[in-house]
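Engineer: Quick one: structure below, then a few questions.
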Amino acid sequence: MIALDGPGAPKVIEQVQTEYGARTGALDPADGALYLPTARFAPASDRGSRPAAVAGTAHLLVVKPR
């Protein structure tokens with residue numbers, strides 16, 4: 001989690017463990033909730049390739065400040 005309320009650069013205030021694939025999200029400025037879309041992933045088919053999302057497993061991970 002990153003604080004943007006003080007002067008200067010953003011400050012990391014907490015590290016949060018998320019699910020695999022949950023990288024880019026949307027922030028609700030009203031309550032600080034972070035919405036991260038992700039899915040379940042199958043093992044990579046070839047070495048060095050990216051795993052594919054399993055059909056029908058897309059979901060939204062919601063992270064809220066304490």
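Labeling convention for the structure tokens: chains A, B, ... as they appear, residues from 1 per chain, ligands from 1 in order of appearance.
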Tell me which protein, DNA and RNA residues are within 9 Å of segment 35-40 of chain A, counting only C-alpha atoms, leaving out same-chain ones fewer than 6 positions away, and put them as a list in words.

Structural biologist: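 In the requested format, the answer is Thr18, Glu19, Tyr20, Gly21, Ala22, Arg23, Thr24, Gly25, Ala26, Leu27, Asp28, Ala52, Ala53, Val54, Ala55, Gly56, Thr57, Ala58, His59, Leu60, Leu61, Val62, Val63 and Lys64 of chain A.
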
Engineer: How would you write, as a PyMOL selection string, the set of residues in chain A that DSSP gives as strand (DSSP E or B)?

Structural biologist: chain A and resi 2-3+11-12+26-27+34-38+41+53+59-63

Engineer: Would you work out the distance separating atom CA of Ser49 of chain A from atom CA of Gln17 of chain A, expressed in Å to one decimal?

Structural biologist: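 These atoms are spaced 23.6 Å apart.
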
Engineer: Considering only C-alpha atoms, state which residue in the set A:Pro51, A:Met1, A:Asp46, A:Arg66 is at the smallest distance from Ile13 of chain A.

Structural biologist: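 Nearest candidate to Ile13 of chain A out of A:Pro51, A:Met1, A:Asp46, A:Arg66: A:Met1.
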
Engineer: How many Å lie between atom CA of Phe41 of chain A and atom CA of Ile2 of chain A, rounded to one decimal?

Structural biologist: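 Result for atom CA of Phe41 of chain A versus atom CA of Ile2 of chain A: 27.3 Å, one decimal.
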
Engineer: Measure the distance from atom CA of Leu34 of chain A to atom CA of Val12 of chain A in Å and round it to one decimal.

Structural biologist: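 So the answer is 14.5 Å.
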